[in-house]
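For reference, data20.cif is printed below; it contains mmCIF, C-alpha atoms.
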data_run
loop_
_atom_site.group_PDB
_atom_site.id
_atom_site.type_symbol
_atom_site.label_atom_id
_atom_site.label_comp_id
_atom_site.auth_asym_id
_atom_site.auth_seq_id
_atom_site.Cartn_x
_atom_site.Cartn_y
_atom_site.Cartn_z
ATOM 1 C CA MET A 1 18.888 -11.764 0.224
ATOM 2 C CA LYS A 2 19.337 -9.481 3.242
ATOM 3 C CA MET A 3 16.281 -7.250 3.650
ATOM 4 C CA LEU A 4 15.462 -4.159 5.663
ATOM 5 C CA PHE A 5 11.819 -3.242 6.313
ATOM 6 C CA LEU A 6 11.107 0.330 7.334
ATOM 7 C CA GLY A 7 8.784 0.037 10.308
ATOM 8 C CA ALA A 8 6.822 -2.886 11.671
ATOM 9 C CA GLY A 9 3.309 -1.542 11.229
ATOM 10 C CA GLY A 10 0.325 -3.122 9.534
ATOM 11 C CA VAL A 11 1.715 -3.665 6.037
ATOM 12 C CA GLY A 12 5.451 -3.954 6.702
ATOM 13 C CA GLY A 13 4.941 -5.885 9.920
ATOM 14 C CA TYR A 14 2.648 -8.416 8.285
ATOM 15 C CA PHE A 15 4.636 -9.151 5.125
ATOM 16 C CA GLY A 16 8.011 -8.799 6.831
ATOM 17 C CA GLY A 17 6.861 -11.012 9.683
ATOM 18 C CA ARG A 18 5.584 -13.707 7.362
ATOM 19 C CA LEU A 19 8.963 -13.651 5.601
ATOM 20 C CA VAL A 20 10.741 -14.063 8.952
ATOM 21 C CA GLU A 21 8.396 -16.963 9.696
ATOM 22 C CA ALA A 22 9.519 -18.549 6.408
ATOM 23 C CA GLY A 23 13.194 -18.203 7.309
ATOM 24 C CA ALA A 24 14.101 -15.064 5.340
ATOM 25 C CA ASP A 25 16.769 -12.622 6.538
ATOM 26 C CA VAL A 26 14.696 -9.587 7.582
ATOM 27 C CA THR A 27 15.574 -6.671 9.866
ATOM 28 C CA PHE A 28 13.068 -4.000 10.910
ATOM 29 C CA LEU A 29 14.130 -0.351 11.112
ATOM 30 C CA VAL A 30 12.083 1.009 14.015
ATOM 31 C CA ARG A 31 12.113 3.685 16.699
ATOM 32 C CA PRO A 32 13.736 2.776 20.029
ATOM 33 C CA ALA A 33 10.420 2.252 21.860
ATOM 34 C CA ARG A 34 9.125 -0.095 19.159
ATOM 35 C CA ALA A 35 12.469 -1.939 19.111
ATOM 36 C CA GLU A 36 12.253 -2.465 22.867
ATOM 37 C CA ARG A 37 8.705 -3.807 22.602
ATOM 38 C CA LEU A 38 9.579 -6.145 19.743
ATOM 39 C CA GLN A 39 12.558 -7.495 21.615
ATOM 40 C CA ARG A 40 10.417 -8.050 24.700
ATOM 41 C CA ASP A 41 7.194 -9.379 23.171
ATOM 42 C CA GLY A 42 8.229 -10.472 19.687
ATOM 43 C CA LEU A 43 6.404 -9.468 16.503
ATOM 44 C CA ARG A 44 2.857 -10.717 16.956
ATOM 45 C CA ILE A 45 0.519 -11.327 14.035
ATOM 46 C CA ARG A 46 -3.193 -12.044 14.351
ATOM 47 C CA SER A 47 -4.627 -13.328 11.094
ATOM 48 C CA PRO A 48 -7.306 -15.592 9.635
ATOM 49 C CA PHE A 49 -4.390 -17.505 8.119
ATOM 50 C CA GLY A 50 -2.791 -18.230 11.463
ATOM 51 C CA ASP A 51 -1.379 -16.244 14.357
ATOM 52 C CA ALA A 52 2.335 -15.923 14.970
ATOM 53 C CA ARG A 53 4.738 -14.651 17.598
ATOM 54 C CA LEU A 54 8.168 -14.148 16.107
ATOM 55 C CA ALA A 55 11.598 -13.222 17.377
ATOM 56 C CA VAL A 56 12.787 -10.543 14.956
ATOM 57 C CA LYS A 57 15.898 -8.494 14.307
ATOM 58 C CA THR A 58 15.595 -4.739 14.733
ATOM 59 C CA VAL A 59 17.803 -1.736 14.128
ATOM 60 C CA THR A 60 17.388 1.919 15.024
ATOM 61 C CA ALA A 61 18.426 4.880 12.896
ATOM 62 C CA ASP A 62 21.646 5.551 14.820
ATOM 63 C CA ALA A 63 22.943 2.045 14.053
ATOM 64 C CA LEU A 64 21.940 1.809 10.391
ATOM 65 C CA ALA A 65 24.580 0.650 7.885
ATOM 66 C CA PRO A 66 24.570 0.014 4.088
ATOM 67 C CA GLU A 67 24.528 -3.777 4.381
ATOM 68 C CA TYR A 68 21.236 -4.710 2.730
ATOM 69 C CA ASP A 69 20.275 -6.082 -0.666
ATOM 70 C CA LEU A 70 16.682 -4.848 -0.574
ATOM 71 C CA VAL A 71 15.043 -2.044 1.397
ATOM 72 C CA VAL A 72 11.253 -2.275 1.677
ATOM 73 C CA LEU A 73 9.215 0.735 2.722
ATOM 74 C CA ALA A 74 5.476 1.070 3.216
ATOM 75 C CA PRO A 75 4.865 4.482 4.801
ATOM 76 C CA LYS A 76 1.825 6.633 4.314
ATOM 77 C CA ALA A 77 2.402 8.716 1.199
ATOM 78 C CA TYR A 78 2.559 11.974 3.163
ATOM 79 C CA ASP A 79 5.525 10.534 5.105
ATOM 80 C CA LEU A 80 7.498 9.543 1.989
ATOM 81 C CA ASP A 81 10.170 12.245 2.271
ATOM 82 C CA ASP A 82 10.865 11.269 5.871
ATOM 83 C CA ALA A 83 10.919 7.601 4.872
ATOM 84 C CA ILE A 84 13.462 8.249 2.122
ATOM 85 C CA ALA A 85 15.679 10.139 4.552
ATOM 86 C CA ALA A 86 15.356 7.344 7.110
ATOM 87 C CA VAL A 87 16.393 4.497 4.794
ATOM 88 C CA ALA A 88 19.009 6.368 2.747
ATOM 89 C CA PRO A 89 21.937 5.300 4.997
ATOM 90 C CA ALA A 90 20.965 1.660 4.385
ATOM 91 C CA VAL A 91 20.930 1.963 0.589
ATOM 92 C CA GLY A 92 24.451 1.071 -0.396
ATOM 93 C CA GLU A 93 25.836 0.293 -3.835
ATOM 94 C CA ARG A 94 24.252 -3.147 -3.998
ATOM 95 C CA ALA A 95 20.847 -2.229 -2.582
ATOM 96 C CA SER A 96 17.504 -1.929 -4.351
ATOM 97 C CA VAL A 97 14.393 -0.229 -2.973
ATOM 98 C CA LEU A 98 10.883 -1.656 -2.974
ATOM 99 C CA PRO A 99 8.103 0.838 -2.117
ATOM 100 C CA LEU A 100 4.668 -0.470 -1.165
ATOM 101 C CA LEU A 101 2.693 2.752 -1.537
ATOM 102 C CA ASN A 102 -0.554 3.689 -3.216
ATOM 103 C CA GLY A 103 -0.742 5.760 -6.383
ATOM 104 C CA MET A 104 2.136 6.607 -8.715
ATOM 105 C CA ALA A 105 3.634 9.913 -7.541
ATOM 106 C CA HIS A 106 6.078 8.248 -5.149
ATOM 107 C CA MET A 107 7.978 6.520 -7.952
ATOM 108 C CA ALA A 108 9.381 9.771 -9.358
ATOM 109 C CA GLY A 109 10.721 10.859 -5.968
ATOM 110 C CA LEU A 110 12.376 7.523 -5.348
ATOM 111 C CA ASP A 111 13.860 7.507 -8.848
ATOM 112 C CA ARG A 112 15.422 10.916 -8.240
ATOM 113 C CA ARG A 113 16.933 9.867 -4.931
ATOM 114 C CA PHE A 114 18.149 6.340 -5.694
ATOM 115 C CA GLY A 115 18.086 5.931 -9.511
ATOM 116 C CA ARG A 116 15.375 4.296 -11.589
ATOM 117 C CA GLU A 117 17.382 1.105 -12.115
ATOM 118 C CA ARG A 118 17.374 0.491 -8.334
ATOM 119 C CA VAL A 119 13.701 1.197 -7.651
ATOM 120 C CA LEU A 120 11.253 -1.687 -7.942
ATOM 121 C CA GLY A 121 7.497 -1.311 -8.098
ATOM 122 C CA GLY A 122 5.353 -2.934 -5.470
ATOM 123 C CA VAL A 123 1.666 -3.348 -4.719
ATOM 124 C CA ALA A 124 0.264 -4.563 -1.393
ATOM 125 C CA HIS A 125 -3.330 -5.768 -1.253
ATOM 126 C CA ILE A 126 -4.092 -6.206 2.432
ATOM 127 C CA GLY A 127 -6.131 -4.780 5.259
ATOM 128 C CA ALA A 128 -3.902 -4.614 8.322
ATOM 129 C CA MET A 129 -3.366 -2.379 11.319
ATOM 130 C CA LEU A 130 -1.632 -2.258 14.680
ATOM 131 C CA ASP A 131 -3.692 -3.187 17.718
ATOM 132 C CA PRO A 132 -3.251 -1.070 20.871
ATOM 133 C CA ASP A 133 -0.950 -3.741 22.304
ATOM 134 C CA GLY A 134 1.393 -3.477 19.311
ATOM 135 C CA ALA A 135 0.301 -6.651 17.518
ATOM 136 C CA VAL A 136 -0.309 -6.640 13.763
ATOM 137 C CA ARG A 137 -3.946 -7.438 13.025
ATOM 138 C CA HIS A 138 -4.798 -8.817 9.572
ATOM 139 C CA LEU A 139 -8.344 -7.641 8.925
ATOM 140 C CA ASN A 140 -9.493 -9.840 6.050
ATOM 141 C CA GLU A 141 -8.508 -12.769 3.857
ATOM 142 C CA LEU A 142 -6.608 -10.733 1.281
ATOM 143 C CA HIS A 143 -2.821 -10.733 1.621
ATOM 144 C CA LEU A 144 -1.288 -10.330 -1.819
ATOM 145 C CA LEU A 145 2.058 -8.744 -2.582
ATOM 146 C CA THR A 146 3.027 -7.951 -6.175
ATOM 147 C CA ALA A 147 6.485 -6.762 -7.255
ATOM 148 C CA GLY A 148 8.265 -6.098 -10.511
ATOM 149 C CA GLY A 149 10.938 -4.017 -12.180
ATOM 150 C CA ARG A 150 10.648 -1.424 -14.913
ATOM 151 C CA ASP A 151 13.953 -2.478 -16.451
ATOM 152 C CA ALA A 152 16.153 -5.570 -16.458
ATOM 153 C CA PRO A 153 18.265 -4.961 -13.298
ATOM 154 C CA ALA A 154 15.232 -4.201 -11.141
ATOM 155 C CA ALA A 155 13.285 -7.083 -12.675
ATOM 156 C CA ARG A 156 16.003 -9.546 -11.632
ATOM 157 C CA VAL A 157 15.880 -8.318 -8.040
ATOM 158 C CA ALA A 158 12.090 -8.490 -8.065
ATOM 159 C CA ALA A 159 12.233 -12.105 -9.240
ATOM 160 C CA GLN A 160 14.604 -13.025 -6.392
ATOM 161 C CA PHE A 161 12.345 -11.311 -3.872
ATOM 162 C CA ILE A 162 9.150 -12.971 -5.106
ATOM 163 C CA ALA A 163 10.899 -16.361 -5.014
ATOM 164 C CA LEU A 164 11.449 -15.788 -1.281
ATOM 165 C CA CYS A 165 7.856 -14.609 -0.834
ATOM 166 C CA GLU A 166 6.518 -17.800 -2.382
ATOM 167 C CA ARG A 167 7.784 -19.681 0.683
ATOM 168 C CA ALA A 168 5.815 -17.435 3.046
ATOM 169 C CA ARG A 169 2.195 -17.546 4.203
ATOM 170 C CA PHE A 170 0.857 -14.928 1.810
ATOM 171 C CA ASP A 171 0.179 -14.696 -1.903
ATOM 172 C CA ALA A 172 2.937 -13.285 -4.107
ATOM 173 C CA VAL A 173 3.018 -12.353 -7.790
ATOM 174 C CA LEU A 174 5.894 -11.318 -10.037
ATOM 175 C CA SER A 175 4.571 -8.692 -12.445
ATOM 176 C CA ASP A 176 6.075 -8.315 -15.897
ATOM 177 C CA ASP A 177 4.353 -4.909 -16.221
ATOM 178 C CA ILE A 178 4.535 -3.344 -12.788
ATOM 179 C CA GLU A 179 3.339 0.096 -13.907
ATOM 180 C CA THR A 180 0.063 -1.441 -15.069
ATOM 181 C CA SER A 181 -0.146 -3.343 -11.770
ATOM 182 C CA LEU A 182 0.310 -0.075 -9.873
ATOM 183 C CA TRP A 183 -2.431 1.593 -11.905
ATOM 184 C CA GLU A 184 -4.792 -1.348 -11.389
ATOM 185 C CA LYS A 185 -4.468 -0.967 -7.625
ATOM 186 C CA TRP A 186 -4.751 2.820 -7.849
ATOM 187 C CA VAL A 187 -7.979 2.750 -9.872
ATOM 188 C CA LEU A 188 -9.501 0.254 -7.444
ATOM 189 C CA LEU A 189 -8.334 2.106 -4.346
ATOM 190 C CA ALA A 190 -9.341 5.567 -5.562
ATOM 191 C CA THR A 191 -12.841 4.227 -6.196
ATOM 192 C CA LEU A 192 -13.052 2.460 -2.840
ATOM 193 C CA ALA A 193 -11.570 5.362 -0.882
ATOM 194 C CA GLY A 194 -13.572 7.981 -2.747
ATOM 195 C CA ILE A 195 -16.962 6.334 -2.375
ATOM 196 C CA THR A 196 -16.612 5.047 1.209
ATOM 197 C CA THR A 197 -15.286 8.366 2.562
ATOM 198 C CA LEU A 198 -17.888 10.362 0.642
ATOM 199 C CA ALA A 199 -20.743 8.184 1.916
ATOM 200 C CA ARG A 200 -19.104 7.458 5.300
ATOM 201 C CA GLY A 201 -20.135 3.841 4.959
ATOM 202 C CA SER A 202 -19.206 0.371 3.774
ATOM 203 C CA ILE A 203 -19.649 -0.973 0.267
ATOM 204 C CA GLY A 204 -22.626 -3.020 1.439
ATOM 205 C CA GLU A 205 -24.313 0.035 2.913
ATOM 206 C CA ILE A 206 -23.649 2.087 -0.200
ATOM 207 C CA VAL A 207 -24.958 -0.404 -2.764
ATOM 208 C CA ALA A 208 -28.072 -0.974 -0.637
ATOM 209 C CA THR A 209 -29.189 2.597 -1.394
ATOM 210 C CA ARG A 210 -31.147 3.647 -4.455
ATOM 211 C CA ASP A 211 -28.199 5.176 -6.330
ATOM 212 C CA GLY A 212 -25.212 3.588 -4.622
ATOM 213 C CA GLU A 213 -24.176 1.012 -7.184
ATOM 214 C CA ARG A 214 -24.583 3.472 -10.054
ATOM 215 C CA LEU A 215 -22.352 5.981 -8.254
ATOM 216 C CA VAL A 216 -19.696 3.344 -7.532
ATOM 217 C CA ARG A 217 -19.617 2.337 -11.178
ATOM 218 C CA ARG A 218 -19.460 5.936 -12.337
ATOM 219 C CA LEU A 219 -16.558 6.777 -10.011
ATOM 220 C CA HIS A 220 -14.706 3.660 -11.131
ATOM 221 C CA ALA A 221 -15.225 4.679 -14.776
ATOM 222 C CA GLU A 222 -13.798 8.140 -14.054
ATOM 223 C CA CYS A 223 -10.664 6.655 -12.506
ATOM 224 C CA ALA A 224 -10.281 4.031 -15.251
ATOM 225 C CA ALA A 225 -10.492 6.790 -17.863
ATOM 226 C CA VAL A 226 -7.521 8.544 -16.231
ATOM 227 C CA ALA A 227 -5.489 5.347 -16.524
ATOM 228 C CA ALA A 228 -6.467 4.962 -20.170
ATOM 229 C CA ALA A 229 -5.467 8.566 -20.900
ATOM 230 C CA ALA A 230 -2.052 7.783 -19.390
ATOM 231 C CA GLY A 231 -1.629 4.969 -21.928
ATOM 232 C CA ILE A 232 -2.368 2.167 -19.459
ATOM 233 C CA THR A 233 -4.433 -0.756 -20.726
ATOM 234 C CA ILE A 234 -6.216 -2.498 -17.888
ATOM 235 C CA ALA A 235 -7.704 -5.835 -18.921
ATOM 236 C CA SER A 236 -11.480 -6.147 -18.866
ATOM 237 C CA ARG A 237 -11.245 -9.090 -16.461
ATOM 238 C CA VAL A 238 -9.408 -6.844 -13.981
ATOM 239 C CA HIS A 239 -12.136 -4.206 -14.247
ATOM 240 C CA GLU A 240 -14.803 -6.871 -13.793
ATOM 241 C CA ARG A 241 -13.084 -8.318 -10.732
ATOM 242 C CA ALA A 242 -12.721 -4.851 -9.199
ATOM 243 C CA LEU A 243 -16.345 -3.945 -9.844
ATOM 244 C CA ALA A 244 -17.518 -7.248 -8.378
ATOM 245 C CA MET A 245 -15.742 -6.356 -5.141
ATOM 246 C CA LEU A 246 -16.863 -2.730 -5.232
ATOM 247 C CA THR A 247 -20.548 -3.624 -5.686
ATOM 248 C CA GLN A 248 -20.822 -6.731 -3.513
ATOM 249 C CA ARG A 249 -24.087 -6.832 -1.615
ATOM 250 C CA GLY A 250 -23.656 -6.961 2.129
ATOM 251 C CA SER A 251 -19.927 -6.259 1.950
ATOM 252 C CA ALA A 252 -18.322 -4.720 5.032
ATOM 253 C CA ALA A 253 -15.401 -3.468 2.943
ATOM 254 C CA THR A 254 -14.176 0.083 3.498
ATOM 255 C CA ALA A 255 -10.967 1.875 2.618
ATOM 256 C CA SER A 256 -8.305 2.408 5.262
ATOM 257 C CA MET A 257 -8.731 6.072 4.357
ATOM 258 C CA LEU A 258 -12.207 5.981 5.899
ATOM 259 C CA ARG A 259 -10.839 4.408 9.066
ATOM 260 C CA ASP A 260 -8.156 7.117 9.225
ATOM 261 C CA LEU A 261 -10.774 9.806 8.647
ATOM 262 C CA GLN A 262 -13.080 8.486 11.357
ATOM 263 C CA SER A 263 -10.252 8.251 13.879
ATOM 264 C CA GLY A 264 -9.065 11.794 13.195
ATOM 265 C CA GLN A 265 -5.786 10.782 11.562
ATOM 266 C CA ARG A 266 -4.226 12.241 8.430
ATOM 267 C CA THR A 267 -5.358 10.700 5.164
ATOM 268 C CA GLU A 268 -3.650 10.037 1.831
ATOM 269 C CA HIS A 269 -6.315 11.986 -0.076
ATOM 270 C CA ASP A 270 -3.796 14.181 -1.911
ATOM 271 C CA HIS A 271 -1.868 11.187 -3.227
ATOM 272 C CA VAL A 272 -4.743 8.812 -3.981
ATOM 273 C CA LEU A 273 -7.529 11.160 -5.057
ATOM 274 C CA GLY A 274 -5.862 14.542 -5.623
ATOM 275 C CA ASP A 275 -3.209 13.224 -7.979
ATOM 276 C CA MET A 276 -5.797 11.180 -9.875
ATOM 277 C CA LEU A 277 -7.979 14.280 -10.234
ATOM 278 C CA ALA A 278 -5.034 16.416 -11.363
ATOM 279 C CA ARG A 279 -4.196 13.883 -14.064
ATOM 280 C CA ALA A 280 -7.828 13.871 -15.181
ATOM 281 C CA GLY A 281 -7.663 17.638 -15.552
ATOM 282 C CA ARG A 282 -4.429 17.532 -17.539
ATOM 283 C CA SER A 283 -5.985 15.085 -19.983
ATOM 284 C CA GLY A 284 -9.140 17.199 -20.348
ATOM 285 C CA GLN A 285 -11.463 14.779 -18.549
ATOM 286 C CA ASP A 286 -14.417 15.732 -16.406
ATOM 287 C CA ALA A 287 -14.470 13.728 -13.157
ATOM 288 C CA PRO A 288 -17.241 15.172 -10.954
ATOM 289 C CA LEU A 289 -17.476 12.318 -8.450
ATOM 290 C CA LEU A 290 -13.720 12.203 -7.999
ATOM 291 C CA ALA A 291 -13.773 15.980 -7.496
ATOM 292 C CA ALA A 292 -16.565 15.700 -4.922
ATOM 293 C CA ALA A 293 -14.724 13.021 -2.950
ATOM 294 C CA TYR A 294 -11.484 15.016 -2.984
ATOM 295 C CA CYS A 295 -13.279 18.225 -1.988
ATOM 296 C CA HIS A 296 -14.880 16.454 0.962
ATOM 297 C CA LEU A 297 -11.557 15.134 2.229
ATOM 298 C CA GLN A 298 -9.868 18.522 1.824
ATOM 299 C CA VAL A 299 -12.572 20.050 4.016
ATOM 300 C CA GLN A 300 -12.102 17.365 6.661
ATOM 301 C CA ALA A 301 -8.324 17.802 6.592
ATOM 302 C CA ALA A 302 -8.657 21.569 7.027
ATOM 303 C CA ARG A 303 -10.870 21.038 10.082
ATOM 304 C CA HIS A 304 -8.144 19.007 11.762
ATOM 305 C CA ALA A 305 -5.197 21.146 10.666
#
Kindly transcribe the structure held in the file into structure tokens.
Amino acid sequence: MKMLFLGAGGVGGYFGGRLVEAGADVTFLVRPARAERLQRDGLRIRSPFGDARLAVKTVTADALAPEYDLVVLAPKAYDLDDAIAAVAPAVGERASVLPLLNGMAHMAGLDRRFGRERVLGGVAHIGAMLDPDGAVRHLNELHLLTAGGRDAPAARVAAQFIALCERARFDAVLSDDIETSLWEKWVLLATLAGITTLARGSIGEIVATRDGERLVRRLHAECAAVAAAAGITIASRVHERALAMLTQRGSAATASMLRDLQSGQRTEHDHVLGDMLARAGRSGQDAPLLAAAYCHLQVQAARHA
């Protein structure tokens, strides 16, 4: 399987790099300056599971050709339209597309552009970022990639991809219900992002307060109710595992959205929280904590506009 990864940032650089390390055929679509750095220094990964310095193949937009079997993209949601335009020349007749984005709204746009039968679903559970020197830093011990297809053709491609991932130094799961998998991540992330940005603190700091754990549980219930109203059944064990992480005493966990907020960067609040809140409204649900978190992030975004 010949794969193209859009970018070599935290998520794409980590998973794509680990696949290169395992012998997979991966090329990174990057800007000229990043291509030059990767050719000079290699793709460097710093991780609790082992560091790596890898010679990688790169391509820039002017040299892109439709020669790939799978195109993987993990942009911020607000950059999705640009990402679609960037990879479109690489998506030939045989190619499938695997997005690793948060939420659900991106699937409809990709379906319209490439066709539902060619769009896989993907979920990345990882904390990763680029260091100032261009290395990919893996921030914790979670590095799980889940993929699946919503129909038979996409499911076959997903199975081939996960078989390759199983050789690499990260955890990989083939989902037989990828829409539920996407919702599971979304409910967890919306809770984590909402509560840590609203409180401007870590999970450990939040649950150490008088009302913190109660508020975390209430926000999670609001988000889970939106999933249920959409016809998604999330297993109780999944809810329990999420709540255990979201209420862990002493936890330093925060959402990447908080890190983006604190560093003055754009956030995915519209796609993670705004879309969840809009769906709550359409189903007649009251979600006051979700609304408060989204309101707060809209204010912060307006200040930096």
Set up a box along x, y and z of the file covering all listed atoms of range 280-288 of chain A, add 3 Å on every one of the six sides, and write the centre and edge lengths in Å to one decimal, as AutoDock Vina command-line options.
--center_x -10.8 --center_y 15.7 --center_z -15.7 --size_x 18.8 --size_y 9.9 --size_z 15.4
Compare A:Val72, A:Ala301, A:Val59, A:Ala147 by their minimum atom-to-atom distance to Asp260 in chain A, counting only C-alpha atoms, and give me the closest one.
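Between A:Val72, A:Ala301, A:Val59, A:Ala147, the residue approaching Asp260 in chain A most closely is A:Ala301.
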Under the rule of at most 9 Å, produce a per-residue listing of range 119-149 of chain A near range 157-177 of chain A: chain, number, name, the closest pair of atoms, and the distance in Å, as CSV, using only C-alpha atoms.
residue,atom,partner,partner_atom,distance
A:Leu120,CA,A:Ala158,CA,6.9
A:Gly121,CA,A:Ala158,CA,8.5
A:Leu142,CA,A:Asp171,CA,8.5
A:His143,CA,A:Phe170,CA,5.6
A:Leu144,CA,A:Asp171,CA,4.6
A:Leu145,CA,A:Ala172,CA,4.9
A:Thr146,CA,A:Val173,CA,4.7
A:Ala147,CA,A:Leu174,CA,5.4
A:Gly148,CA,A:Ser175,CA,4.9
A:Gly149,CA,A:Ala158,CA,6.2
What do you get, as a PyMOL selection string, if you spell out every residue that the PyMOL selection byres ((chain A and resi 78) around 12) selects here?
chain A and resi 74-77+79-84+101-103+105-106+265-272
The PyMOL selection byres ((chain A and resi 228-240) around 10) applied to the shown file, residues as a PyMOL selection string:
chain A and resi 179-181+183-185+187-188+220-221+223-227+241-246+279-280+282-285
